$ cat run-v8.cif   # mmCIF, C-alpha atoms and all ligand atoms
data_input
loop_
_atom_site.label_atom_id
_atom_site.label_comp_id
_atom_site.auth_asym_id
_atom_site.auth_seq_id
_atom_site.Cartn_x
_atom_site.Cartn_y
_atom_site.Cartn_z
CA MET A 9 -28.46 1.47 57.55
CA ALA A 10 -24.77 2.32 56.91
CA VAL A 11 -22.05 0.45 55.01
CA SER A 12 -18.35 0.74 55.84
CA ILE A 13 -15.76 0.58 53.03
CA ASN A 14 -12.11 1.00 54.07
CA SER A 15 -13.39 2.57 57.27
CA VAL A 16 -15.42 5.15 55.23
CA GLN A 17 -19.03 5.13 56.40
CA LEU A 18 -21.57 5.25 53.52
CA SER A 19 -25.35 5.25 53.73
CA LEU A 20 -27.09 2.45 51.76
CA PRO A 21 -28.06 4.74 48.78
CA GLN A 22 -24.47 6.07 48.68
CA ALA A 23 -23.09 2.51 48.70
CA ILE A 24 -25.46 1.50 45.84
CA ILE A 25 -24.36 4.50 43.74
CA ALA A 26 -20.68 3.81 44.47
CA GLY A 27 -21.16 0.13 43.57
CA PHE A 28 -22.95 1.09 40.34
CA PHE A 29 -20.05 3.31 39.22
CA LEU A 30 -17.53 0.69 40.27
CA VAL A 31 -19.23 -1.93 38.08
CA LEU A 32 -19.60 0.58 35.22
CA GLY A 33 -15.89 1.47 35.46
CA PHE A 34 -14.93 -2.19 35.51
CA LEU A 35 -17.11 -2.97 32.46
CA TYR A 36 -15.65 0.00 30.56
CA PHE A 37 -12.09 -1.06 31.43
CA ALA A 38 -12.80 -4.69 30.47
CA PHE A 39 -14.31 -3.53 27.16
CA GLN A 40 -11.27 -1.39 26.34
CA ILE A 41 -8.89 -4.25 27.18
CA SER A 42 -10.83 -6.68 24.99
CA GLU A 43 -10.95 -4.09 22.18
CA LEU A 44 -7.18 -3.52 22.41
CA THR A 45 -6.64 -7.29 22.32
CA ARG A 46 -8.80 -7.46 19.19
CA VAL A 47 -6.82 -4.62 17.60
CA LEU A 48 -3.49 -6.33 18.32
CA LEU A 49 -4.63 -9.76 17.12
CA SER A 50 -6.28 -8.35 14.01
CA THR A 51 -3.21 -6.24 13.15
CA PHE A 52 -0.36 -8.61 14.02
CA VAL A 53 -1.73 -12.16 14.10
CA THR A 54 -4.97 -12.94 12.23
CA PRO A 55 -4.60 -13.23 8.46
CA GLY A 56 -7.16 -11.58 6.19
CA LYS A 57 -9.37 -13.33 3.63
CA PRO A 58 -7.14 -15.01 1.03
CA LEU A 59 -7.18 -13.46 -2.45
CA THR A 60 -8.11 -16.84 -3.91
CA SER A 61 -11.48 -16.62 -2.14
CA PHE A 62 -12.52 -13.81 -4.53
CA GLY A 63 -11.81 -15.62 -7.76
CA PRO A 64 -9.60 -18.39 -9.16
CA ARG A 65 -6.19 -17.75 -10.73
CA GLY A 66 -6.75 -16.16 -14.12
CA SER A 67 -9.76 -14.09 -13.10
CA TRP A 68 -9.45 -10.32 -13.41
CA ALA A 69 -8.67 -7.40 -11.13
CA LEU A 70 -9.62 -3.85 -12.13
CA ILE A 71 -7.48 -1.10 -10.63
CA THR A 72 -8.24 2.60 -10.98
CA GLY A 73 -5.39 5.10 -10.67
CA ALA A 74 -3.13 2.19 -11.55
CA SER A 75 -0.18 3.88 -13.21
CA ASP A 76 1.56 5.28 -10.14
CA GLY A 77 1.90 5.19 -6.37
CA ILE A 78 -0.34 2.86 -4.39
CA GLY A 79 -2.43 1.84 -7.42
CA LYS A 80 0.66 0.68 -9.31
CA GLN A 81 1.58 -1.55 -6.39
CA TYR A 82 -1.93 -3.04 -6.31
CA ALA A 83 -1.52 -3.84 -10.01
CA LEU A 84 1.93 -5.42 -9.61
CA GLN A 85 1.05 -7.44 -6.52
CA LEU A 86 -2.33 -8.66 -7.81
CA ALA A 87 -0.70 -9.73 -11.08
CA LYS A 88 1.97 -11.56 -9.08
CA ALA A 89 -0.85 -13.29 -7.18
CA GLY A 90 -2.24 -14.59 -10.48
CA PHE A 91 -4.90 -12.07 -11.47
CA ASN A 92 -5.13 -10.63 -14.96
CA VAL A 93 -5.36 -6.86 -14.63
CA VAL A 94 -7.33 -4.00 -16.16
CA LEU A 95 -5.31 -0.84 -15.56
CA VAL A 96 -7.01 2.57 -15.66
CA SER A 97 -5.57 6.07 -15.28
CA ARG A 98 -4.93 9.19 -17.36
CA THR A 99 -1.47 8.63 -18.82
CA GLU A 100 -1.43 6.02 -21.58
CA SER A 101 2.39 5.80 -21.76
CA LYS A 102 2.66 5.00 -18.03
CA LEU A 103 -0.07 2.36 -18.34
CA HIS A 104 1.70 0.86 -21.33
CA ASN A 105 5.01 0.65 -19.44
CA LEU A 106 3.31 -0.92 -16.43
CA SER A 107 1.56 -3.44 -18.66
CA LEU A 108 4.97 -4.42 -20.15
CA GLU A 109 6.51 -4.67 -16.68
CA ILE A 110 3.72 -7.00 -15.57
CA THR A 111 3.68 -9.27 -18.60
CA SER A 112 7.46 -9.54 -18.79
CA SER A 113 7.68 -10.87 -15.24
CA ASN A 114 4.41 -12.89 -15.23
CA SER A 115 4.19 -14.64 -18.61
CA ASP A 116 0.69 -16.12 -18.02
CA ILE A 117 -0.89 -12.81 -16.97
CA ARG A 118 -2.97 -10.74 -19.37
CA THR A 119 -3.43 -6.99 -19.13
CA GLU A 120 -5.81 -4.38 -20.59
CA ILE A 121 -5.23 -0.66 -20.31
CA LEU A 122 -7.59 2.27 -20.51
CA ALA A 123 -6.49 5.91 -20.44
CA MET A 124 -9.32 8.01 -19.06
CA ASP A 125 -9.58 11.08 -16.88
CA PHE A 126 -12.13 10.48 -14.13
CA SER A 127 -12.42 14.21 -13.42
CA LYS A 128 -13.98 14.72 -16.87
CA ASN A 129 -16.81 12.30 -15.99
CA LEU A 130 -17.39 11.39 -19.65
CA GLY A 131 -20.06 8.81 -20.43
CA SER A 132 -17.96 7.67 -23.40
CA ASP A 133 -15.05 6.73 -21.07
CA TYR A 134 -17.33 4.61 -18.90
CA GLU A 135 -18.76 2.99 -22.04
CA ARG A 136 -15.19 2.07 -23.12
CA LEU A 137 -14.52 0.64 -19.65
CA ALA A 138 -17.79 -1.31 -19.73
CA ALA A 139 -16.83 -2.76 -23.11
CA ILE A 140 -13.41 -3.83 -21.79
CA ILE A 141 -14.81 -5.66 -18.76
CA LYS A 142 -17.95 -7.00 -20.47
CA ASP A 143 -16.77 -10.59 -20.93
CA LYS A 144 -14.32 -10.65 -18.03
CA ASP A 145 -14.96 -12.06 -14.59
CA ILE A 146 -13.84 -9.10 -12.48
CA ALA A 147 -13.09 -10.74 -9.15
CA VAL A 148 -11.36 -7.75 -7.56
CA LEU A 149 -12.08 -4.05 -7.93
CA ILE A 150 -9.57 -1.65 -6.39
CA ASN A 151 -11.16 1.79 -6.15
CA ASN A 152 -7.85 3.56 -5.76
CA VAL A 153 -8.11 6.64 -7.96
CA GLY A 154 -8.01 9.79 -5.90
CA GLN A 155 -7.05 13.42 -6.04
CA SER A 156 -6.15 15.68 -3.15
CA HIS A 157 -5.46 19.40 -2.94
CA ASP A 158 -2.29 20.63 -4.54
CA LEU A 159 -1.39 22.09 -1.13
CA PRO A 160 -3.41 22.78 2.03
CA VAL A 161 -5.70 25.71 1.26
CA PRO A 162 -8.61 27.46 3.00
CA TYR A 163 -11.83 26.24 1.37
CA ALA A 164 -12.85 29.79 0.38
CA GLU A 165 -9.60 30.22 -1.58
CA ASP A 166 -9.61 26.79 -3.22
CA PRO A 167 -10.09 27.11 -7.01
CA GLU A 168 -13.52 25.82 -8.06
CA GLU A 169 -11.89 23.52 -10.61
CA GLU A 170 -9.85 21.74 -7.93
CA VAL A 171 -12.90 21.34 -5.67
CA ASN A 172 -14.95 19.87 -8.54
CA ASN A 173 -12.15 17.57 -9.71
CA ILE A 174 -11.68 16.11 -6.22
CA ILE A 175 -15.37 15.36 -5.77
CA ILE A 176 -15.90 14.02 -9.29
CA THR A 177 -12.76 11.85 -9.29
CA ASN A 178 -12.92 10.53 -5.72
CA CYS A 179 -16.67 10.13 -5.32
CA ILE A 180 -18.41 9.99 -8.71
CA GLY A 181 -15.59 7.98 -10.32
CA THR A 182 -15.73 5.37 -7.57
CA LEU A 183 -19.52 5.12 -7.69
CA ARG A 184 -19.61 4.73 -11.47
CA VAL A 185 -16.88 2.08 -11.70
CA THR A 186 -18.40 0.07 -8.86
CA ARG A 187 -21.77 0.10 -10.59
CA LEU A 188 -20.13 -1.45 -13.65
CA VAL A 189 -18.66 -4.42 -11.78
CA LEU A 190 -21.44 -5.15 -9.29
CA PRO A 191 -23.76 -7.11 -11.62
CA GLY A 192 -21.01 -9.61 -12.55
CA MET A 193 -19.96 -10.09 -8.94
CA SER A 194 -23.58 -10.54 -7.85
CA ALA A 195 -24.12 -13.17 -10.55
CA ARG A 196 -20.96 -15.06 -9.52
CA LYS A 197 -21.75 -14.55 -5.82
CA CYS A 198 -18.21 -13.53 -4.98
CA GLY A 199 -15.76 -10.70 -5.37
CA LEU A 200 -13.88 -7.98 -3.56
CA ILE A 201 -14.52 -4.24 -3.77
CA LEU A 202 -11.69 -2.47 -1.99
CA THR A 203 -11.81 1.32 -1.72
CA MET A 204 -8.94 3.58 -0.65
CA GLY A 205 -9.98 5.86 2.18
CA SER A 206 -7.87 8.08 4.32
CA PHE A 207 -7.42 9.35 7.87
CA GLY A 208 -8.57 12.60 6.21
CA GLY A 209 -12.01 11.00 6.10
CA LEU A 210 -11.82 9.75 9.69
CA LEU A 211 -10.78 13.12 11.09
CA PRO A 212 -12.14 16.36 9.65
CA THR A 213 -9.04 17.93 8.12
CA PRO A 214 -9.00 21.74 7.88
CA LEU A 215 -7.29 23.18 4.76
CA LEU A 216 -7.97 19.86 2.98
CA ALA A 217 -11.71 20.23 3.54
CA THR A 218 -12.95 18.94 0.19
CA TYR A 219 -10.60 15.95 0.13
CA SER A 220 -11.50 15.17 3.75
CA GLY A 221 -15.22 15.39 2.90
CA SER A 222 -14.82 13.19 -0.19
CA LYS A 223 -13.18 10.42 1.87
CA ALA A 224 -15.81 10.71 4.62
CA PHE A 225 -18.45 10.26 1.90
CA LEU A 226 -16.64 7.15 0.61
CA GLN A 227 -16.41 5.80 4.17
CA ASN A 228 -20.16 5.80 4.68
CA TRP A 229 -20.98 4.78 1.13
CA SER A 230 -18.59 1.81 1.25
CA THR A 231 -19.82 0.65 4.66
CA ALA A 232 -23.46 0.85 3.61
CA LEU A 233 -22.72 -0.98 0.35
CA ALA A 234 -20.82 -3.66 2.29
CA ALA A 235 -23.87 -4.43 4.40
CA GLU A 236 -26.12 -4.51 1.30
CA VAL A 237 -24.02 -7.00 -0.66
CA GLU A 238 -22.56 -9.16 2.10
CA ALA A 239 -25.35 -11.70 1.70
CA LEU A 240 -24.54 -11.93 -2.03
CA GLY A 241 -21.05 -13.18 -1.17
CA ILE A 242 -19.30 -9.90 -2.10
CA THR A 243 -16.67 -8.48 0.28
CA VAL A 244 -16.52 -4.70 0.47
CA TYR A 245 -13.54 -3.36 2.39
CA PHE A 246 -12.62 0.25 3.07
CA ILE A 247 -9.00 1.14 3.77
CA GLN A 248 -8.33 3.89 6.30
CA ALA A 249 -4.79 4.92 5.40
CA TYR A 250 -2.58 7.45 7.09
CA ILE A 251 0.44 8.72 5.14
CA VAL A 252 2.13 6.47 2.55
CA THR A 253 5.09 7.54 0.39
CA SER A 254 3.81 8.71 -3.03
CA ALA A 255 3.50 11.67 -5.37
CA MET A 256 0.23 12.61 -3.66
CA SER A 257 1.60 12.65 -0.11
CA LYS A 258 4.88 14.25 -1.33
CA VAL A 259 6.61 12.00 1.23
CA LYS A 260 9.62 10.33 -0.42
CA ARG A 261 11.39 8.49 2.40
CA SER A 262 9.59 5.61 4.06
CA THR A 263 9.56 5.23 7.85
CA TYR A 264 7.63 2.94 10.20
CA MET A 265 4.88 5.61 10.24
CA PHE A 266 5.00 6.42 6.49
CA PRO A 267 5.36 3.04 4.73
CA SER A 268 6.39 2.67 1.11
CA GLU A 269 3.60 1.98 -1.38
CA LYS A 270 4.96 -1.57 -1.77
CA ASP A 271 4.90 -2.41 1.94
CA PHE A 272 1.55 -0.71 2.44
CA VAL A 273 -0.16 -2.66 -0.36
CA LYS A 274 1.45 -5.91 0.80
CA SER A 275 -0.06 -5.43 4.26
CA THR A 276 -3.42 -4.46 2.76
CA LEU A 277 -3.68 -7.56 0.58
CA ALA A 278 -2.70 -9.73 3.55
CA LYS A 279 -5.38 -8.27 5.86
CA ILE A 280 -8.52 -8.06 3.73
CA GLY A 281 -11.57 -7.91 5.96
CA ASN A 282 -9.58 -7.29 9.18
CA ARG A 283 -10.55 -4.16 11.09
CA CYS A 284 -7.14 -3.81 12.75
CA GLY A 285 -7.13 -0.42 14.53
CA SER A 286 -10.45 0.72 13.11
CA VAL A 287 -12.58 1.10 16.23
CA GLY A 288 -16.30 1.55 15.68
CA TYR A 289 -16.24 1.25 11.88
CA ALA A 290 -17.67 -1.85 10.20
CA PHE A 291 -16.24 -3.31 6.97
CA SER A 292 -13.20 -1.01 7.26
CA GLY A 293 -9.61 -1.45 8.34
CA THR A 294 -6.17 0.04 8.92
CA PRO A 295 -3.93 -2.79 7.67
CA TRP A 296 -0.54 -1.08 8.12
CA TRP A 297 0.50 -1.76 11.75
CA SER A 298 1.51 1.75 12.86
CA HIS A 299 -1.61 3.24 11.21
CA ALA A 300 -3.63 0.67 13.15
CA LEU A 301 -2.18 1.71 16.50
CA PHE A 302 -2.54 5.39 15.61
CA ALA A 303 -6.19 4.88 14.60
CA TRP A 304 -6.89 3.00 17.81
CA CYS A 305 -5.42 5.91 19.83
CA ILE A 306 -7.36 8.57 17.94
CA LEU A 307 -10.65 6.70 17.89
CA THR A 308 -10.46 5.60 21.53
CA VAL A 309 -8.67 8.40 23.33
CA GLY A 310 -9.08 11.31 20.92
CA TYR A 311 -12.75 11.16 20.01
CA PRO A 312 -14.11 12.62 23.26
CA PHE A 313 -11.85 15.61 22.51
CA GLY A 314 -13.07 16.25 18.95
CA HIS A 315 -12.68 20.02 19.15
CA PHE A 316 -9.10 19.77 20.38
CA VAL A 317 -8.18 17.17 17.72
CA VAL A 318 -9.58 19.16 14.79
CA HIS A 319 -7.83 22.27 16.10
CA GLN A 320 -4.48 20.43 16.26
CA ASN A 321 -5.12 19.24 12.70
CA LEU A 322 -5.69 22.86 11.65
CA VAL A 323 -2.44 24.01 13.30
CA MET A 324 -0.51 21.18 11.59
CA HIS A 325 -1.93 21.94 8.12
CA LYS A 326 -1.31 25.68 8.54
CA LYS A 327 2.37 24.84 9.08
CA ILE A 328 2.42 22.51 6.05
CA ARG A 329 0.81 25.27 3.95
CA ALA A 330 3.34 27.86 5.13
CA ARG A 331 6.25 25.54 4.26
CA ALA A 332 4.75 24.71 0.83
CA LEU A 333 4.21 28.40 0.00
CA LYS A 334 7.78 29.21 1.07
CA LYS A 335 9.15 26.41 -1.12
CA ALA A 336 7.05 27.54 -4.11
CA GLU A 337 8.34 31.12 -3.67
CA ARG A 338 11.95 29.87 -3.45
CA MET A 339 11.51 27.87 -6.65
CA ARG A 340 9.90 30.85 -8.39
CA LEU A 341 12.86 33.08 -7.49
CA GLU A 342 15.37 30.43 -8.56
CA ALA A 343 13.58 29.99 -11.88
CA LYS A 344 13.60 33.79 -12.36
CA LYS A 345 17.34 33.90 -11.66
CA GLY A 346 17.92 31.08 -14.17
CA THR A 347 16.18 32.91 -17.05
N1 LIG B 1 -0.35 8.55 -0.33
C1 LIG B 1 -0.98 8.72 0.81
O1 LIG B 1 -0.40 9.15 1.81
C2 LIG B 1 -2.43 8.35 0.93
C3 LIG B 1 -3.01 8.34 2.20
C4 LIG B 1 -4.34 8.00 2.34
C5 LIG B 1 -5.08 7.66 1.23
N2 LIG B 1 -4.51 7.69 0.00
C6 LIG B 1 -5.35 7.35 -1.14
O2 LIG B 1 -4.73 6.35 -1.92
C7 LIG B 1 -5.09 6.50 -3.29
C8 LIG B 1 -3.84 6.52 -4.15
O3 LIG B 1 -3.03 7.60 -3.73
P1 LIG B 1 -1.50 7.76 -4.18
O4 LIG B 1 -0.82 8.40 -3.04
O5 LIG B 1 -0.98 6.51 -4.75
O6 LIG B 1 -1.67 8.84 -5.34
P2 LIG B 1 -0.70 9.19 -6.56
O7 LIG B 1 0.67 8.74 -6.29
O8 LIG B 1 -0.95 10.62 -6.85
O9 LIG B 1 -1.28 8.29 -7.76
C9 LIG B 1 -2.55 8.54 -8.25
C10 LIG B 1 -2.88 7.61 -9.39
O10 LIG B 1 -4.16 7.94 -9.89
C11 LIG B 1 -4.08 8.38 -11.26
N3 LIG B 1 -4.97 9.51 -11.40
C12 LIG B 1 -4.95 10.67 -10.72
N4 LIG B 1 -5.96 11.47 -11.11
C13 LIG B 1 -6.65 10.78 -12.05
C14 LIG B 1 -7.79 11.06 -12.83
N5 LIG B 1 -8.44 12.22 -12.74
N6 LIG B 1 -8.23 10.13 -13.70
C15 LIG B 1 -7.57 8.95 -13.84
N7 LIG B 1 -6.48 8.62 -13.12
C16 LIG B 1 -6.03 9.53 -12.24
C17 LIG B 1 -2.60 8.73 -11.46
O11 LIG B 1 -2.12 8.48 -12.76
P3 LIG B 1 -2.15 9.51 -13.96
O12 LIG B 1 -1.50 10.75 -13.47
O13 LIG B 1 -1.44 8.83 -15.06
O14 LIG B 1 -3.57 9.68 -14.26
C18 LIG B 1 -1.92 7.72 -10.54
O15 LIG B 1 -1.83 6.47 -11.19
C19 LIG B 1 -5.92 7.78 -3.35
O16 LIG B 1 -7.29 7.46 -3.34
C20 LIG B 1 -5.54 8.51 -2.09
O17 LIG B 1 -6.57 9.37 -1.66
C21 LIG B 1 -3.20 8.02 -0.18
#
$ encode --input "run-v8.cif" --output "structure tokens"
Amino acid sequence: MAVSINSVQLSLPQAIIAGFFLVLGFLYFAFQISELTRVLLSTFVTPGKPLTSFGPRGSWALITGASDGIGKQYALQLAKAGFNVVLVSRTESKLHNLSLEITSSNSDIRTEILAMDFSKNLGSDYERLAAIIKDKDIAVLINNVGQSHDLPVPYAEDPEEEVNNIIITNCIGTLRVTRLVLPGMSARKCGLILTMGSFGGLLPTPLLATYSGSKAFLQNWSTALAAEVEALGITVYFIQAYIVTSAMSKVKRSTYMFPSEKDFVKSTLAKIGNRCGSVGYAFSGTPWWSHALFAWCILTVGYPFGHFVVHQNLVMHKKIRARALKKAERMRLEAKKGT
């Protein structure tokens, strides 16, 4: 028996195979359209969980890496939203100034500061932190502290100290602080644990290999934790961020692709729980709109071409390294001239 489609004669088995692929293609197309619709709604329309759902006004937020950059914005914006704040980072003077800034513009907000260096991984520091939060209802934990490489560097040439500091600060620090707040949140059956991830964890990033690996670790850890504690009423949300202006990124001027810390944190706190452009990752999101569209492109179009994408990433970071080395050499020569 033969079937005729557009005057092309097909045998019955050929027609069945053609029909099968036609249906498959249609389903794939329909899935991608519905996924893009979800991405657009989640990024531009649907609000995230309100901050008040994690604790009433006057409950506490704990922010690590709070004295600068993105962490400082979390502290300022959470205080403005009515949370008392525990601020943790290395530099006591910066924490002190931030505490003053917060209390002078929010008279009913209380602050606590703790200067500790996560890379030292000292039990005594975690004991001090535990003592500070002991009688406080920590409703929000922002796992923001993070260290990256000073400049892109081949793994084999990366000083051991930098490698260790990145892993201990980004991974061990986050695990240890989270362990301190989990019992209280579990008892209260609510809370938010928000962890700062990076596109470096989504895409293997050559010349930032240890940083990239540390964020990939946090991605899986946070997602697994989210599933474990969801039934306890705790929200765990992992932020997949592309570049944001800060000391770490060394990007000073904000653009639609590189938002300021202020705008980035504002979008994050407005989209808690929304996946936005994060395709295929549970309990994670890309709240800044251009990061969302970029993530959708990479995760949908780029993933089948993993080898090509990682190679492009290598080429890009080689160029960044070359520019950074040139700049360092120029500064060295200028300093030599000045002496
Ligand atoms: N900026 C970006 O483009 C970007 C993109 C993706 C993800 N992220 C992530 O966002 C988070 C914040 O990044 P950022 O750009 O805001 O960084 P940043 O500007 O370098 O600020 C880092 C903050 O962490 C503190 N800190 C650094 N090392 C510490 C340590 N060992 N112990 C205690 N505190 C420490 C710093 O204060 P002190 O110096 O006073 O300690 C500062 O408050 C990081 O997890 C980063 O990986 C950033």
$ axis_aligned_box --input "run-v8.cif" --around "range 232-238 of chain A" --padding-each-side "5 Å" --output "lines of an AutoDock Vina configuration file"
center_x = -23.5
center_y = -4.2
center_z = 1.9
size_x = 15.3
size_y = 20.0
size_z = 15.1
$ closest_atom_pairs --input "run-v8.cif" --of "chain A" --to "ligand LIG 1 (chain B)" --cutoff "7 Å" --atoms "all atoms listed in the file" --output "tab-separated table"
residue	atom	partner	partner_atom	distance
A:Thr72	CA	B:LIG1	N7	6.6
A:Gly73	CA	B:LIG1	O10	3.2
A:Ala74	CA	B:LIG1	O15	4.5
A:Ser75	CA	B:LIG1	O15	3.7
A:Asp76	CA	B:LIG1	O15	3.7
A:Gly77	CA	B:LIG1	O5	3.6
A:Ile78	CA	B:LIG1	O5	3.7
A:Gly79	CA	B:LIG1	O5	5.6
A:Lys80	CA	B:LIG1	O15	6.6
A:Val96	CA	B:LIG1	N7	6.6
A:Ser97	CA	B:LIG1	N7	3.5
A:Arg98	CA	B:LIG1	O14	3.4
A:Thr99	CA	B:LIG1	O13	3.8
A:Lys102	CA	B:LIG1	O13	6.3
A:Met124	CA	B:LIG1	C15	5.6
A:Asp125	CA	B:LIG1	N6	3.6
A:Phe126	CA	B:LIG1	N6	3.9
A:Ser127	CA	B:LIG1	N5	4.5
A:Asn152	CA	B:LIG1	O16	4.6
A:Val153	CA	B:LIG1	O10	4.6
A:Gly154	CA	B:LIG1	O16	3.5
A:Gln155	CA	B:LIG1	N4	5.5
A:Ser156	CA	B:LIG1	O17	6.5
A:Thr177	CA	B:LIG1	N5	5.5
A:Asn178	CA	B:LIG1	O16	6.8
A:Met204	CA	B:LIG1	O16	5.0
A:Gly205	CA	B:LIG1	C5	5.3
A:Ser206	CA	B:LIG1	C4	4.0
A:Phe207	CA	B:LIG1	C4	6.5
A:Gln248	CA	B:LIG1	C4	7.0
A:Ala249	CA	B:LIG1	C4	4.4
A:Tyr250	CA	B:LIG1	C3	5.0
A:Ile251	CA	B:LIG1	O1	3.5
A:Val252	CA	B:LIG1	O1	3.8
A:Thr253	CA	B:LIG1	N1	5.6
A:Ser254	CA	B:LIG1	O7	4.5
A:Ala255	CA	B:LIG1	O7	4.2
A:Met256	CA	B:LIG1	O8	3.9
A:Ser257	CA	B:LIG1	O1	4.5
$ write_last_selection --input "run-v8.cif" --atoms "C-alpha atoms" --output "mmCIF file, keeping the file's coordinate frame"
data_model
loop_
_atom_site.group_PDB
_atom_site.id
_atom_site.type_symbol
_atom_site.label_atom_id
_atom_site.label_comp_id
_atom_site.auth_asym_id
_atom_site.auth_seq_id
_atom_site.Cartn_x
_atom_site.Cartn_y
_atom_site.Cartn_z
ATOM 1 C CA THR A 72 -8.240 2.600 -10.980
ATOM 2 C CA GLY A 73 -5.390 5.100 -10.670
ATOM 3 C CA ALA A 74 -3.130 2.190 -11.550
ATOM 4 C CA SER A 75 -0.180 3.880 -13.210
ATOM 5 C CA ASP A 76 1.560 5.280 -10.140
ATOM 6 C CA GLY A 77 1.900 5.190 -6.370
ATOM 7 C CA ILE A 78 -0.340 2.860 -4.390
ATOM 8 C CA GLY A 79 -2.430 1.840 -7.420
ATOM 9 C CA LYS A 80 0.660 0.680 -9.310
ATOM 10 C CA VAL A 96 -7.010 2.570 -15.660
ATOM 11 C CA SER A 97 -5.570 6.070 -15.280
ATOM 12 C CA ARG A 98 -4.930 9.190 -17.360
ATOM 13 C CA THR A 99 -1.470 8.630 -18.820
ATOM 14 C CA LYS A 102 2.660 5.000 -18.030
ATOM 15 C CA MET A 124 -9.320 8.010 -19.060
ATOM 16 C CA ASP A 125 -9.580 11.080 -16.880
ATOM 17 C CA PHE A 126 -12.130 10.480 -14.130
ATOM 18 C CA SER A 127 -12.420 14.210 -13.420
ATOM 19 C CA ASN A 152 -7.850 3.560 -5.760
ATOM 20 C CA VAL A 153 -8.110 6.640 -7.960
ATOM 21 C CA GLY A 154 -8.010 9.790 -5.900
ATOM 22 C CA GLN A 155 -7.050 13.420 -6.040
ATOM 23 C CA SER A 156 -6.150 15.680 -3.150
ATOM 24 C CA THR A 177 -12.760 11.850 -9.290
ATOM 25 C CA ASN A 178 -12.920 10.530 -5.720
ATOM 26 C CA MET A 204 -8.940 3.580 -0.650
ATOM 27 C CA GLY A 205 -9.980 5.860 2.180
ATOM 28 C CA SER A 206 -7.870 8.080 4.320
ATOM 29 C CA PHE A 207 -7.420 9.350 7.870
ATOM 30 C CA GLN A 248 -8.330 3.890 6.300
ATOM 31 C CA ALA A 249 -4.790 4.920 5.400
ATOM 32 C CA TYR A 250 -2.580 7.450 7.090
ATOM 33 C CA ILE A 251 0.440 8.720 5.140
ATOM 34 C CA VAL A 252 2.130 6.470 2.550
ATOM 35 C CA THR A 253 5.090 7.540 0.390
ATOM 36 C CA SER A 254 3.810 8.710 -3.030
ATOM 37 C CA ALA A 255 3.500 11.670 -5.370
ATOM 38 C CA MET A 256 0.230 12.610 -3.660
ATOM 39 C CA SER A 257 1.600 12.650 -0.110
#
$ residues_near_point --input "run-v8.cif" --point "(-12.1, -1.2, -2.1)" --cutoff "10 Å" --atoms "all atoms listed in the file" --output "ChimeraX atom specification"
/A:71,148-152,182,186,200-205,226,230,243-247,280,292
$ write_last_selection --input "run-v8.cif" --atoms "C-alpha atoms" --output "PDB file, keeping the file's coordinate frame"
ATOM      1  CA  ILE A  71      -7.480  -1.100 -10.630  1.00  0.00           C
ATOM      2  CA  VAL A 148     -11.360  -7.750  -7.560  1.00  0.00           C
ATOM      3  CA  LEU A 149     -12.080  -4.050  -7.930  1.00  0.00           C
ATOM      4  CA  ILE A 150      -9.570  -1.650  -6.390  1.00  0.00           C
ATOM      5  CA  ASN A 151     -11.160   1.790  -6.150  1.00  0.00           C
ATOM      6  CA  ASN A 152      -7.850   3.560  -5.760  1.00  0.00           C
ATOM      7  CA  THR A 182     -15.730   5.370  -7.570  1.00  0.00           C
ATOM      8  CA  THR A 186     -18.400   0.070  -8.860  1.00  0.00           C
ATOM      9  CA  LEU A 200     -13.880  -7.980  -3.560  1.00  0.00           C
ATOM     10  CA  ILE A 201     -14.520  -4.240  -3.770  1.00  0.00           C
ATOM     11  CA  LEU A 202     -11.690  -2.470  -1.990  1.00  0.00           C
ATOM     12  CA  THR A 203     -11.810   1.320  -1.720  1.00  0.00           C
ATOM     13  CA  MET A 204      -8.940   3.580  -0.650  1.00  0.00           C
ATOM     14  CA  GLY A 205      -9.980   5.860   2.180  1.00  0.00           C
ATOM     15  CA  LEU A 226     -16.640   7.150   0.610  1.00  0.00           C
ATOM     16  CA  SER A 230     -18.590   1.810   1.250  1.00  0.00           C
ATOM     17  CA  THR A 243     -16.670  -8.480   0.280  1.00  0.00           C
ATOM     18  CA  VAL A 244     -16.520  -4.700   0.470  1.00  0.00           C
ATOM     19  CA  TYR A 245     -13.540  -3.360   2.390  1.00  0.00           C
ATOM     20  CA  PHE A 246     -12.620   0.250   3.070  1.00  0.00           C
ATOM     21  CA  ILE A 247      -9.000   1.140   3.770  1.00  0.00           C
ATOM     22  CA  ILE A 280      -8.520  -8.060   3.730  1.00  0.00           C
ATOM     23  CA  SER A 292     -13.200  -1.010   7.260  1.00  0.00           C
TER      24      SER A 292
END
$ closest_residue --input "run-v8.cif" --among "A:Leu159, A:Ala224, A:Leu188, A:Ala69" --to "Ala332 in chain A" --atoms "only C-alpha atoms"
A:Leu159
$ atom_distance --input "run-v8.cif" --atom1 "CA of Ile328 in chain A" --atom2 "CA of Ile180 in chain A"
28.4 Å
$ atom_distance --input "run-v8.cif" --atom1 "CA of Arg340 in chain A" --atom2 "CA of Lys258 in chain A"
18.7 Å
$ closest_residue --input "run-v8.cif" --among "A:Arg283, A:Val273, A:Thr213, A:Ser101" --to "Val323 in chain A" --atoms "only C-alpha atoms"
A:Thr213
$ atom_distance --input "run-v8.cif" --atom1 "CA of Ile140 in chain A" --atom2 "CA of Phe91 in chain A"
15.7 Å
$ residues_around --input "run-v8.cif" --residues "Glu135 in chain A" --least-positions-apart "4" --cutoff "12 Å" --atoms "only C-alpha atoms" --output "PyMOL selection string"
chain A and resi 122+124+129-131+139-142+184-185+188
$ closest_residue --input "run-v8.cif" --among "A:Pro267, A:Lys334, A:Val53, A:Asn321" --to "Ser298 in chain A" --atoms "only C-alpha atoms"
A:Pro267
